[in-house]
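model.pdb, holding PDB, C-alpha atoms:
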ATOM      1  CA  MET X   1      69.513-154.282 112.303
ATOM      2  CA  GLU X   2      68.168-156.512 109.498
ATOM      3  CA  LYS X   3      69.792-154.046 107.100
ATOM      4  CA  GLN X   4      73.172-155.320 108.289
ATOM      5  CA  ILE X   5      72.557-158.370 106.056
ATOM      6  CA  VAL X   6      72.011-157.774 102.331
ATOM      7  CA  GLU X   7      70.548-160.655 100.294
ATOM      8  CA  ILE X   8      71.764-161.067  96.707
ATOM      9  CA  ASP X   9      70.729-163.615  94.076
ATOM     10  CA  MET X  10      73.756-165.200  92.405
ATOM     11  CA  ALA X  11      72.050-164.713  89.036
ATOM     12  CA  ASP X  12      72.167-160.941  89.597
ATOM     13  CA  VAL X  13      75.857-160.723  90.441
ATOM     14  CA  GLY X  14      77.386-158.546  87.745
ATOM     15  CA  HIS X  15      80.517-156.464  87.635
ATOM     16  CA  GLY X  16      80.618-154.060  90.522
ATOM     17  CA  ASN X  17      77.118-153.145  91.730
ATOM     18  CA  GLN X  18      77.792-149.914  93.622
ATOM     19  CA  ALA X  19      75.059-150.425  96.222
ATOM     20  CA  TRP X  20      76.416-153.835  97.170
ATOM     21  CA  ILE X  21      80.002-152.572  97.226
ATOM     22  CA  GLY X  22      78.941-149.716  99.486
ATOM     23  CA  ALA X  23      77.175-152.138 101.804
ATOM     24  CA  LEU X  24      80.226-154.409 101.978
ATOM     25  CA  GLU X  25      82.586-151.533 102.719
ATOM     26  CA  ALA X  26      80.195-150.240 105.378
ATOM     27  CA  GLY X  27      80.644-153.497 107.273
ATOM     28  CA  LYS X  28      77.453-155.229 106.207
ATOM     29  CA  VAL X  29      77.203-158.919 105.353
ATOM     30  CA  LEU X  30      76.422-159.842 101.737
ATOM     31  CA  TYR X  31      74.337-163.030 101.672
ATOM     32  CA  PHE X  32      74.043-165.308  98.619
ATOM     33  CA  PRO X  33      71.328-167.906  99.336
ATOM     34  CA  ASN X  34      71.834-169.894  96.100
ATOM     35  CA  PHE X  35      75.652-169.955  95.954
ATOM     36  CA  GLY X  36      75.717-173.760  95.868
ATOM     37  CA  GLN X  37      73.531-173.838  92.760
ATOM     38  CA  HIS X  38      75.847-171.508  90.850
ATOM     39  CA  GLY X  39      79.192-172.036  92.576
ATOM     40  CA  PHE X  40      80.679-174.539  94.999
ATOM     41  CA  ALA X  41      79.118-177.790  96.209
ATOM     42  CA  PRO X  42      80.849-180.914  97.579
ATOM     43  CA  GLN X  43      81.289-183.745  95.070
ATOM     44  CA  LYS X  44      80.180-187.331  95.729
ATOM     45  CA  GLU X  45      83.674-188.643  96.447
ATOM     46  CA  GLU X  46      84.268-185.788  98.914
ATOM     47  CA  LEU X  47      81.403-186.761 101.199
ATOM     48  CA  ALA X  48      83.729-189.109 103.083
ATOM     49  CA  LEU X  49      85.607-186.010 104.307
ATOM     50  CA  PHE X  50      82.612-184.860 106.323
ATOM     51  CA  ARG X  51      83.445-186.312 109.715
ATOM     52  CA  GLU X  52      84.658-184.443 112.746
ATOM     53  CA  ASP X  53      87.610-186.737 113.476
ATOM     54  CA  ILE X  54      89.234-185.884 110.131
ATOM     55  CA  ARG X  55      90.647-182.791 111.854
ATOM     56  CA  ASP X  56      93.874-183.103 113.805
ATOM     57  CA  PRO X  57      92.818-182.213 117.391
ATOM     58  CA  LYS X  58      95.986-180.121 117.711
ATOM     59  CA  THR X  59      94.633-177.684 115.100
ATOM     60  CA  ARG X  60      91.535-175.531 115.194
ATOM     61  CA  ASN X  61      90.705-175.953 111.496
ATOM     62  CA  ILE X  62      91.900-177.747 108.391
ATOM     63  CA  SER X  63      93.601-175.189 106.165
ATOM     64  CA  LEU X  64      95.151-174.813 102.736
ATOM     65  CA  SER X  65      97.752-172.035 102.606
ATOM     66  CA  ALA X  66      98.135-169.614  99.722
ATOM     67  CA  SER X  67     101.166-171.642  98.596
ATOM     68  CA  GLY X  68      99.210-174.921  98.685
ATOM     69  CA  ASP X  69     100.355-176.395 102.017
ATOM     70  CA  LEU X  70      97.646-178.449 103.700
ATOM     71  CA  LYS X  71      97.488-178.614 107.492
ATOM     72  CA  GLY X  72      95.284-180.245 110.067
ATOM     73  CA  VAL X  73      94.108-183.398 108.245
ATOM     74  CA  VAL X  74      94.178-186.862 109.785
ATOM     75  CA  GLY X  75      94.436-189.507 107.072
ATOM     76  CA  ASP X  76      96.477-191.024 104.279
ATOM     77  CA  ASP X  77      97.854-189.271 101.202
ATOM     78  CA  ALA X  78      94.713-189.979  99.184
ATOM     79  CA  THR X  79      92.539-188.393 101.879
ATOM     80  CA  LYS X  80      94.800-185.358 102.021
ATOM     81  CA  ALA X  81      94.774-184.977  98.243
ATOM     82  CA  LEU X  82      90.974-185.166  98.206
ATOM     83  CA  MET X  83      90.759-182.555 100.957
ATOM     84  CA  ALA X  84      93.198-180.216  99.211
ATOM     85  CA  GLY X  85      91.208-180.543  96.012
ATOM     86  CA  MET X  86      87.910-179.729  97.702
ATOM     87  CA  ILE X  87      89.293-176.704  99.533
ATOM     88  CA  GLY X  88      91.013-175.515  96.355
ATOM     89  CA  ARG X  89      87.781-175.719  94.361
ATOM     90  CA  PHE X  90      85.984-173.632  96.949
ATOM     91  CA  ARG X  91      88.810-171.090  96.891
ATOM     92  CA  ALA X  92      88.484-170.757  93.124
ATOM     93  CA  GLU X  93      84.701-170.263  93.363
ATOM     94  CA  ALA X  94      85.093-167.706  96.164
ATOM     95  CA  GLU X  95      87.626-165.706  94.176
ATOM     96  CA  GLY X  96      85.387-165.896  91.113
ATOM     97  CA  LEU X  97      82.519-164.445  93.129
ATOM     98  CA  LEU X  98      84.706-161.576  94.330
ATOM     99  CA  ALA X  99      85.985-160.886  90.803
ATOM    100  CA  ASN X 100      82.415-160.097  89.761
ATOM    101  CA  LEU X 101      81.377-158.473  93.010
ATOM    102  CA  VAL X 102      84.333-156.119  93.604
ATOM    103  CA  PRO X 103      86.329-156.090  90.345
ATOM    104  CA  ARG X 104      88.445-153.083  91.304
ATOM    105  CA  TYR X 105      90.059-155.050  94.126
ATOM    106  CA  GLY X 106      91.443-157.434  91.505
ATOM    107  CA  GLU X 107      95.215-157.799  91.643
ATOM    108  CA  HIS X 108      95.351-155.876  94.922
ATOM    109  CA  LEU X 109      93.857-158.799  96.860
ATOM    110  CA  ARG X 110      96.434-160.905  98.670
ATOM    111  CA  ARG X 111      95.400-164.526  99.082
ATOM    112  CA  GLY X 112      95.417-165.916 102.603
ATOM    113  CA  ALA X 113      94.495-169.349 103.916
ATOM    114  CA  THR X 114      91.338-171.267 103.023
ATOM    115  CA  SER X 115      89.823-173.507 105.668
ATOM    116  CA  PHE X 116      87.435-176.402 106.151
ATOM    117  CA  ARG X 117      85.826-176.365 109.598
ATOM    118  CA  PRO X 118      84.312-179.712 110.613
ATOM    119  CA  ALA X 119      83.933-178.992 114.336
ATOM    120  CA  VAL X 120      80.611-178.429 116.071
ATOM    121  CA  VAL X 121      80.643-174.780 117.151
ATOM    122  CA  GLN X 122      78.584-175.419 120.268
ATOM    123  CA  ASN X 123      81.084-177.969 121.603
ATOM    124  CA  ARG X 124      84.149-175.728 121.588
ATOM    125  CA  ALA X 125      85.791-175.137 124.961
ATOM    126  CA  GLN X 126      87.758-171.887 124.757
ATOM    127  CA  SER X 127      88.872-168.906 126.799
ATOM    128  CA  TRP X 128      86.669-165.848 126.591
ATOM    129  CA  ARG X 129      89.203-164.102 124.330
ATOM    130  CA  ALA X 130      89.199-166.991 121.850
ATOM    131  CA  ASP X 131      85.474-167.685 122.071
ATOM    132  CA  ASP X 132      83.978-166.586 118.774
ATOM    133  CA  ARG X 133      80.478-167.112 120.147
ATOM    134  CA  ARG X 134      80.978-163.661 121.664
ATOM    135  CA  MET X 135      80.475-160.714 119.323
ATOM    136  CA  HIS X 136      83.727-159.181 118.131
ATOM    137  CA  VAL X 137      85.622-157.682 115.243
ATOM    138  CA  ASP X 138      88.614-159.699 114.107
ATOM    139  CA  ALA X 139      92.007-158.631 115.452
ATOM    140  CA  PHE X 140      95.043-160.758 116.181
ATOM    141  CA  PRO X 141      97.508-160.363 119.063
ATOM    142  CA  SER X 142     100.539-161.803 117.260
ATOM    143  CA  ARG X 143      99.962-160.582 113.683
ATOM    144  CA  PRO X 144      99.847-156.795 113.299
ATOM    145  CA  ASN X 145      98.371-155.779 109.923
ATOM    146  CA  TYR X 146      98.622-151.953 109.966
ATOM    147  CA  GLY X 147      95.075-151.427 108.715
ATOM    148  CA  GLU X 148      95.028-154.102 106.033
ATOM    149  CA  ARG X 149      91.523-155.420 105.513
ATOM    150  CA  LEU X 150      90.331-158.991 106.131
ATOM    151  CA  LEU X 151      87.890-159.919 103.375
ATOM    152  CA  ARG X 152      86.269-163.293 103.946
ATOM    153  CA  VAL X 153      83.990-165.572 101.939
ATOM    154  CA  PHE X 154      82.088-168.283 103.844
ATOM    155  CA  THR X 155      79.883-171.168 102.757
ATOM    156  CA  ASN X 156      77.829-173.591 104.826
ATOM    157  CA  VAL X 157      78.458-177.148 103.562
ATOM    158  CA  ASN X 158      76.510-179.019 106.234
ATOM    159  CA  LEU X 159      75.033-182.205 104.737
ATOM    160  CA  GLU X 160      72.211-182.576 107.279
ATOM    161  CA  GLY X 161      70.461-179.245 106.777
ATOM    162  CA  GLU X 162      71.881-177.512 109.841
ATOM    163  CA  PRO X 163      72.344-173.739 109.541
ATOM    164  CA  ARG X 164      75.436-171.769 110.477
ATOM    165  CA  VAL X 165      74.070-169.374 113.078
ATOM    166  CA  TRP X 166      75.592-165.906 113.389
ATOM    167  CA  ARG X 167      74.830-162.839 115.408
ATOM    168  CA  VAL X 168      75.618-159.636 113.520
ATOM    169  CA  GLY X 169      76.004-156.461 115.554
ATOM    170  CA  GLU X 170      76.020-152.718 115.163
ATOM    171  CA  PRO X 171      78.153-150.726 112.660
ATOM    172  CA  PHE X 172      81.874-150.440 113.384
ATOM    173  CA  GLU X 173      81.794-146.714 114.118
ATOM    174  CA  ASP X 174      79.152-147.326 116.795
ATOM    175  CA  VAL X 175      81.338-150.059 118.307
ATOM    176  CA  ALA X 176      84.362-147.741 118.312
ATOM    177  CA  ARG X 177      82.401-144.864 119.825
ATOM    178  CA  ARG X 178      81.181-147.151 122.595
ATOM    179  CA  PHE X 179      84.523-148.752 123.505
ATOM    180  CA  LEU X 180      87.271-146.272 122.575
ATOM    181  CA  PRO X 181      87.004-144.502 125.959
ATOM    182  CA  LYS X 182      88.002-147.832 127.579
ATOM    183  CA  VAL X 183      91.046-148.414 125.365
ATOM    184  CA  LYS X 184      94.386-148.236 127.172
ATOM    185  CA  PRO X 185      96.902-145.743 125.695
ATOM    186  CA  TYR X 186      99.291-147.119 123.109
ATOM    187  CA  SER X 187     102.861-147.654 124.283
ATOM    188  CA  ALA X 188     105.584-147.674 121.607
ATOM    189  CA  TRP X 189     108.183-149.112 123.993
ATOM    190  CA  GLN X 190     105.840-151.946 124.970
ATOM    191  CA  ALA X 191     105.291-152.723 121.294
ATOM    192  CA  LYS X 192     109.069-152.917 120.821
ATOM    193  CA  VAL X 193     109.418-155.285 123.782
ATOM    194  CA  LEU X 194     106.671-157.570 122.456
ATOM    195  CA  ASN X 195     108.370-157.644 119.076
ATOM    196  CA  ALA X 196     111.811-158.302 120.590
ATOM    197  CA  LEU X 197     110.374-161.217 122.595
ATOM    198  CA  HIS X 198     108.671-162.549 119.427
ATOM    199  CA  VAL X 199     105.245-162.251 121.018
ATOM    200  CA  THR X 200     104.311-160.364 117.856
ATOM    201  CA  LYS X 201     105.597-161.192 114.384
ATOM    202  CA  SER X 202     106.204-157.510 113.664
ATOM    203  CA  LEU X 203     105.919-154.212 115.540
ATOM    204  CA  ARG X 204     102.385-153.648 116.828
ATOM    205  CA  SER X 205     101.111-150.300 115.577
ATOM    206  CA  GLU X 206      98.706-148.023 117.429
ATOM    207  CA  TYR X 207      95.989-149.160 115.013
ATOM    208  CA  ASP X 208      96.607-152.818 115.848
ATOM    209  CA  HIS X 209      96.689-151.977 119.561
ATOM    210  CA  ILE X 210      93.293-150.267 119.343
ATOM    211  CA  MET X 211      91.730-153.058 117.283
ATOM    212  CA  LEU X 212      92.907-155.683 119.747
ATOM    213  CA  GLN X 213      91.573-153.623 122.653
ATOM    214  CA  LEU X 214      88.195-153.261 120.904
ATOM    215  CA  HIS X 215      88.094-157.010 120.268
ATOM    216  CA  ASP X 216      88.782-157.781 123.930
ATOM    217  CA  ALA X 217      86.474-155.087 125.295
ATOM    218  CA  MET X 218      83.576-156.380 123.223
ATOM    219  CA  LYS X 219      84.092-159.995 124.253
ATOM    220  CA  SER X 220      84.583-159.233 127.943
ATOM    221  CA  ASP X 221      81.427-157.116 128.265
ATOM    222  CA  LEU X 222      78.648-159.614 128.963
ATOM    223  CA  ASP X 223      75.977-156.915 129.120
ATOM    224  CA  TYR X 224      77.032-155.749 125.669
ATOM    225  CA  GLN X 225      76.929-159.318 124.371
ATOM    226  CA  LYS X 226      73.355-159.673 125.553
ATOM    227  CA  ASN X 227      71.883-156.239 124.956
ATOM    228  CA  ALA X 228      73.821-154.599 122.115
ATOM    229  CA  PRO X 229      71.937-153.972 118.857
ATOM    230  CA  GLN X 230      72.144-157.227 116.939
ATOM    231  CA  VAL X 231      70.324-159.677 114.690
ATOM    232  CA  THR X 232      70.577-163.473 114.709
ATOM    233  CA  PHE X 233      70.708-165.023 111.251
ATOM    234  CA  ASN X 234      70.669-168.658 110.113
ATOM    235  CA  PHE X 235      72.870-169.230 107.056
ATOM    236  CA  PRO X 236      71.472-172.417 105.452
ATOM    237  CA  PRO X 237      73.495-175.103 103.670
ATOM    238  CA  GLY X 238      74.411-174.166 100.114
ATOM    239  CA  CYS X 239      74.576-170.437 100.766
ATOM    240  CA  ALA X 240      77.576-168.125 100.932
ATOM    241  CA  TRP X 241      78.205-164.863 102.731
ATOM    242  CA  VAL X 242      80.917-162.225 102.426
ATOM    243  CA  CYS X 243      82.112-159.562 104.835
ATOM    244  CA  PHE X 244      85.108-157.610 106.075
ATOM    245  CA  SER X 245      85.537-159.474 109.355
ATOM    246  CA  ASP X 246      87.745-156.746 110.823
ATOM    247  CA  GLN X 247      84.782-154.376 110.490
ATOM    248  CA  THR X 248      81.652-156.508 110.856
ATOM    249  CA  SER X 249      80.668-157.142 114.450
ATOM    250  CA  HIS X 250      79.846-160.845 114.511
ATOM    251  CA  ALA X 251      79.583-163.973 116.624
ATOM    252  CA  VAL X 252      79.363-167.615 115.496
ATOM    253  CA  MET X 253      76.768-169.384 117.611
ATOM    254  CA  ALA X 254      76.081-172.791 116.071
ATOM    255  CA  GLY X 255      76.726-175.078 113.136
ATOM    256  CA  GLN X 256      79.103-177.689 111.742
ATOM    257  CA  TYR X 257      80.965-177.987 108.425
ATOM    258  CA  MET X 258      81.815-174.621 106.972
ATOM    259  CA  MET X 259      84.422-173.408 104.497
ATOM    260  CA  GLU X 260      86.068-170.002 104.603
ATOM    261  CA  HIS X 261      88.479-168.134 102.350
ATOM    262  CA  THR X 262      90.449-165.117 103.565
ATOM    263  CA  LEU X 263      91.972-162.409 101.421
ATOM    264  CA  GLN X 264      93.749-159.257 102.539
ATOM    265  CA  LEU X 265      93.437-155.829 100.977
ATOM    266  CA  SER X 266      95.108-152.492 101.614
ATOM    267  CA  PRO X 267      92.450-149.897 102.507
ATOM    268  CA  MET X 268      94.016-147.680  99.831
ATOM    269  CA  HIS X 269      92.463-149.980  97.227
ATOM    270  CA  GLN X 270      88.908-149.832  98.561
ATOM    271  CA  TYR X 271      86.234-148.074  96.526
ATOM    272  CA  ASP X 272      85.627-145.789  99.523
ATOM    273  CA  LYS X 273      88.932-145.304 101.338
ATOM    274  CA  ASP X 274      87.175-143.414 104.141
ATOM    275  CA  ALA X 275      85.048-146.434 105.090
ATOM    276  CA  SER X 276      87.845-148.623 106.475
ATOM    277  CA  PRO X 277      88.367-149.148 110.227
ATOM    278  CA  LEU X 278      91.766-147.454 109.842
ATOM    279  CA  ALA X 279      90.150-144.342 108.367
ATOM    280  CA  ILE X 280      87.351-144.329 110.949
ATOM    281  CA  LEU X 281      89.700-144.731 113.915
ATOM    282  CA  THR X 282      92.102-142.126 112.503
ATOM    283  CA  ARG X 283      89.256-139.607 112.313
ATOM    284  CA  MET X 284      88.077-140.428 115.815
ATOM    285  CA  GLN X 285      91.567-140.293 117.344
ATOM    286  CA  GLY X 286      92.631-137.225 115.371
ATOM    287  CA  HIS X 287      96.072-138.468 114.341
ATOM    288  CA  ALA X 288      97.793-141.100 112.195
ATOM    289  CA  LEU X 289      97.705-144.591 113.704
ATOM    290  CA  VAL X 290     100.288-146.435 111.600
TER     291      VAL X 290
END

Output the structure of this file as structure tokens.
Amino acid sequence: MEKQIVEIDMADVGHGNQAWIGALEAGKVLYFPNFGQHGFAPQKEELALFREDIRDPKTRNISLSASGDLKGVVGDDATKALMAGMIGRFRAEAEGLLANLVPRYGEHLRRGATSFRPAVVQNRAQSWRADDRRMHVDAFPSRPNYGERLLRVFTNVNLEGEPRVWRVGEPFEDVARRFLPKVKPYSAWQAKVLNALHVTKSLRSEYDHIMLQLHDAMKSDLDYQKNAPQVTFNFPPGCAWVCFSDQTSHAVMAGQYMMEHTLQLSPMHQYDKDASPLAILTRMQGHALV
């Protein structure tokens, strides 16, 4: 299971190392222990932002949208400008890392939100479906994505030396093989009803239905959470890690102060098109899913 996490020195990041690309597209986590020395680190004036009550309690995270809209900050205009600047700098460093790591993705990447997460993970009170301390692959009930990938760059910016603790589970195909027999059949008419009622923002495809069912089946199975193949890893402050969160089985167990940047990518623009969850589930189901 240790092979699910691949350590890479920032000084060695070139232009498209095939072994690292293959590991990423297989659902492994790429870990950069010295990211802060070569990339992003909070500046002196930004240290005042590192307090839990800077987040609006009505929001889960503080986020900067792709268009530059900042949400979730409690404070005056100067505080908000400082926060937007810090998140924007991290976004630029994250995208610079990806430009060297997976250059072929390039213009095909679609920028999503970038977040600053000041909350203590251990203190969250959530339903079992929303509890990210349970191993899962990312899937969203209201936002069908038709197989589009979720590529995410994370960095631990804790100022007190606390790690961001993750559990990383078995490969996606093993997850699918284990839980597909429990997936309820897809219903096109039900998808249309959900869309008509605005429960979903677009029509839920069979792919999105399966991914959501896998997400829920993983989280609801307490024996699986305890006994499934997995490794616990402490991501220290100053490091970064990258994964496809729709493919990497993961759980966030502990930590405070993290930043995360999300980008979306059509599986048609992967180096290995057959490695995506859409391709894997299509093979296993034996028919087109979108």

Please provide the set of residues having any atom within 12 Å of Glu173 (chain X), restricted to only C-alpha atoms, with same-chain residues fewer than 4 positions apart removed, written as number ranges by chain.
X: 26-27, 137, 169, 177-180, 214, 247-249, 274-284

Apply the PyMOL selection byres ((chain X and resi 224) around 12) to the file shown and report the selected residues as number ranges by chain.
X: 134-136, 169-170, 175, 178-179, 217-223, 225-230, 249

Can you pull out the residues contacting Gly72 (chain X)? Cut-off 7 Å, using only C-alpha atoms, and skip same-chain residues under 5 positions away; I want them as number ranges by chain.
X: 55-56, 59, 61-63

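Once the PyMOL selection byres ((chain X and resi 24) around 10) is applied to the shown structure, the selection contains Gln4, Ile5, Val6, Gln18, Ala19, Trp20, Ile21, Gly22, Ala23, Glu25, Ala26, Gly27, Lys28, Val29, Leu30, Leu101, Val102, Leu151, Val242, Cys243, Phe244, Gln247, Thr248 and Ala275 of chain X.
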
May I ask for the distance between CA of Pro163 (chain X) and CA of Ala254 (chain X), given in Å to one decimal place?
7.6 Å

From the options X:Asn100, X:Thr114, X:Ser245, X:Ser65, which residue's atoms come nearest to Met10 (chain X), counting all atoms listed in the file?
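Among the listed residues, the smallest separation from Met10 (chain X) belongs to X:Asn100.
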
In Å to one decimal, how far is CA of Gly88 (chain X) from CA of Leu64 (chain X)?
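About the pair CA of Leu64 (chain X) and CA of Gly88 (chain X): they are 7.6 Å apart.
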
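CA of Ile8 (chain X) lies 5.9 Å from CA of Tyr31 (chain X).
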
Between X:Gly68, X:Gly14, X:Pro237, X:Gly286, which residue has the minimum interatomic distance to Asn156 (chain X), considering only C-alpha atoms?
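Among the listed residues, the smallest separation from Asn156 (chain X) belongs to X:Pro237.
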
Please expand the PyMOL selection byres ((chain X and resi 47) around 12) into the concrete residues it hits in this file, giving the result as a ChimeraX atom specification.
/X:41-46,48-51,54,79,82-83,86,157-160,257

Show me the residues around (80.0, -168.7, 115.7) - criterion: an atom at most 8 Å away, all atoms listed in the file counted - as a list in words.
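Checking each residue against the 8 Å limit leaves Val121, Asp132, Arg133, Arg134, Arg164, Val165, Trp166, Arg167, His250, Ala251, Val252, Met253, Ala254 and Gly255 of chain X.
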
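Distances here use all atoms listed in the file; by that measure, the residue among X:Phe233, X:Tyr146, X:Trp241, X:Phe140 closest to Ala94 (chain X) is X:Trp241.
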
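Considering all atoms listed in the file, the residue among X:Pro181, X:Pro118, X:Gly36, X:Gly147 positioned nearest to Lys273 (chain X) is X:Gly147.
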
Put the listed atoms of region 256-271 of chain X in a box along x, y and z with 4 Å added on every side and give me the centre and edge lengths in Å to one decimal, as AutoDock Vina command-line options.
--center_x 87.1 --center_y -162.8 --center_z 104.1 --size_x 24.0 --size_y 38.3 --size_z 23.2

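When all atoms listed in the file are used to compute distances to Ala113 (chain X), the closest of the residues X:Asp246, X:Asp69, X:Glu93, X:Glu7 turns out to be X:Asp69.
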
Considering all atoms listed in the file, state which residue in the set X:Arg110, X:Lys182, X:Lys201, X:Arg104 is at the smallest distance from Asn17 (chain X).
X:Arg104

Please provide the set of residues having any atom within 8 Å of region 261-265 of chain X, restricted to all atoms listed in the file, with same-chain residues fewer than 2 positions apart removed, written as an NGL selection string.
:X and (91 or 94 or 105 or 108-115 or 148-154 or 259 or 267 or 269-270)

Select all residues near (94.3, -155.5, 122.6) (cut-off 12 Å, inclusive, file coordinates), counting only C-alpha atoms, and output them as a PDB file with C-alpha atoms, keeping the file's coordinate frame.
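Output below, filename out_29.pdb:
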ATOM      1  CA  ARG X 129      89.203-164.102 124.330  1.00  0.00           C
ATOM      2  CA  VAL X 137      85.622-157.682 115.243  1.00  0.00           C
ATOM      3  CA  ASP X 138      88.614-159.699 114.107  1.00  0.00           C
ATOM      4  CA  ALA X 139      92.007-158.631 115.452  1.00  0.00           C
ATOM      5  CA  PHE X 140      95.043-160.758 116.181  1.00  0.00           C
ATOM      6  CA  PRO X 141      97.508-160.363 119.063  1.00  0.00           C
ATOM      7  CA  SER X 142     100.539-161.803 117.260  1.00  0.00           C
ATOM      8  CA  ARG X 143      99.962-160.582 113.683  1.00  0.00           C
ATOM      9  CA  PRO X 144      99.847-156.795 113.299  1.00  0.00           C
ATOM     10  CA  PHE X 179      84.523-148.752 123.505  1.00  0.00           C
ATOM     11  CA  LEU X 180      87.271-146.272 122.575  1.00  0.00           C
ATOM     12  CA  LYS X 182      88.002-147.832 127.579  1.00  0.00           C
ATOM     13  CA  VAL X 183      91.046-148.414 125.365  1.00  0.00           C
ATOM     14  CA  LYS X 184      94.386-148.236 127.172  1.00  0.00           C
ATOM     15  CA  PRO X 185      96.902-145.743 125.695  1.00  0.00           C
ATOM     16  CA  TYR X 186      99.291-147.119 123.109  1.00  0.00           C
ATOM     17  CA  SER X 187     102.861-147.654 124.283  1.00  0.00           C
ATOM     18  CA  ALA X 191     105.291-152.723 121.294  1.00  0.00           C
ATOM     19  CA  ARG X 204     102.385-153.648 116.828  1.00  0.00           C
ATOM     20  CA  SER X 205     101.111-150.300 115.577  1.00  0.00           C
ATOM     21  CA  GLU X 206      98.706-148.023 117.429  1.00  0.00           C
ATOM     22  CA  TYR X 207      95.989-149.160 115.013  1.00  0.00           C
ATOM     23  CA  ASP X 208      96.607-152.818 115.848  1.00  0.00           C
ATOM     24  CA  HIS X 209      96.689-151.977 119.561  1.00  0.00           C
ATOM     25  CA  ILE X 210      93.293-150.267 119.343  1.00  0.00           C
ATOM     26  CA  MET X 211      91.730-153.058 117.283  1.00  0.00           C
ATOM     27  CA  LEU X 212      92.907-155.683 119.747  1.00  0.00           C
ATOM     28  CA  GLN X 213      91.573-153.623 122.653  1.00  0.00           C
ATOM     29  CA  LEU X 214      88.195-153.261 120.904  1.00  0.00           C
ATOM     30  CA  HIS X 215      88.094-157.010 120.268  1.00  0.00           C
ATOM     31  CA  ASP X 216      88.782-157.781 123.930  1.00  0.00           C
ATOM     32  CA  ALA X 217      86.474-155.087 125.295  1.00  0.00           C
ATOM     33  CA  MET X 218      83.576-156.380 123.223  1.00  0.00           C
ATOM     34  CA  LYS X 219      84.092-159.995 124.253  1.00  0.00           C
ATOM     35  CA  SER X 220      84.583-159.233 127.943  1.00  0.00           C
TER      36      SER X 220
END
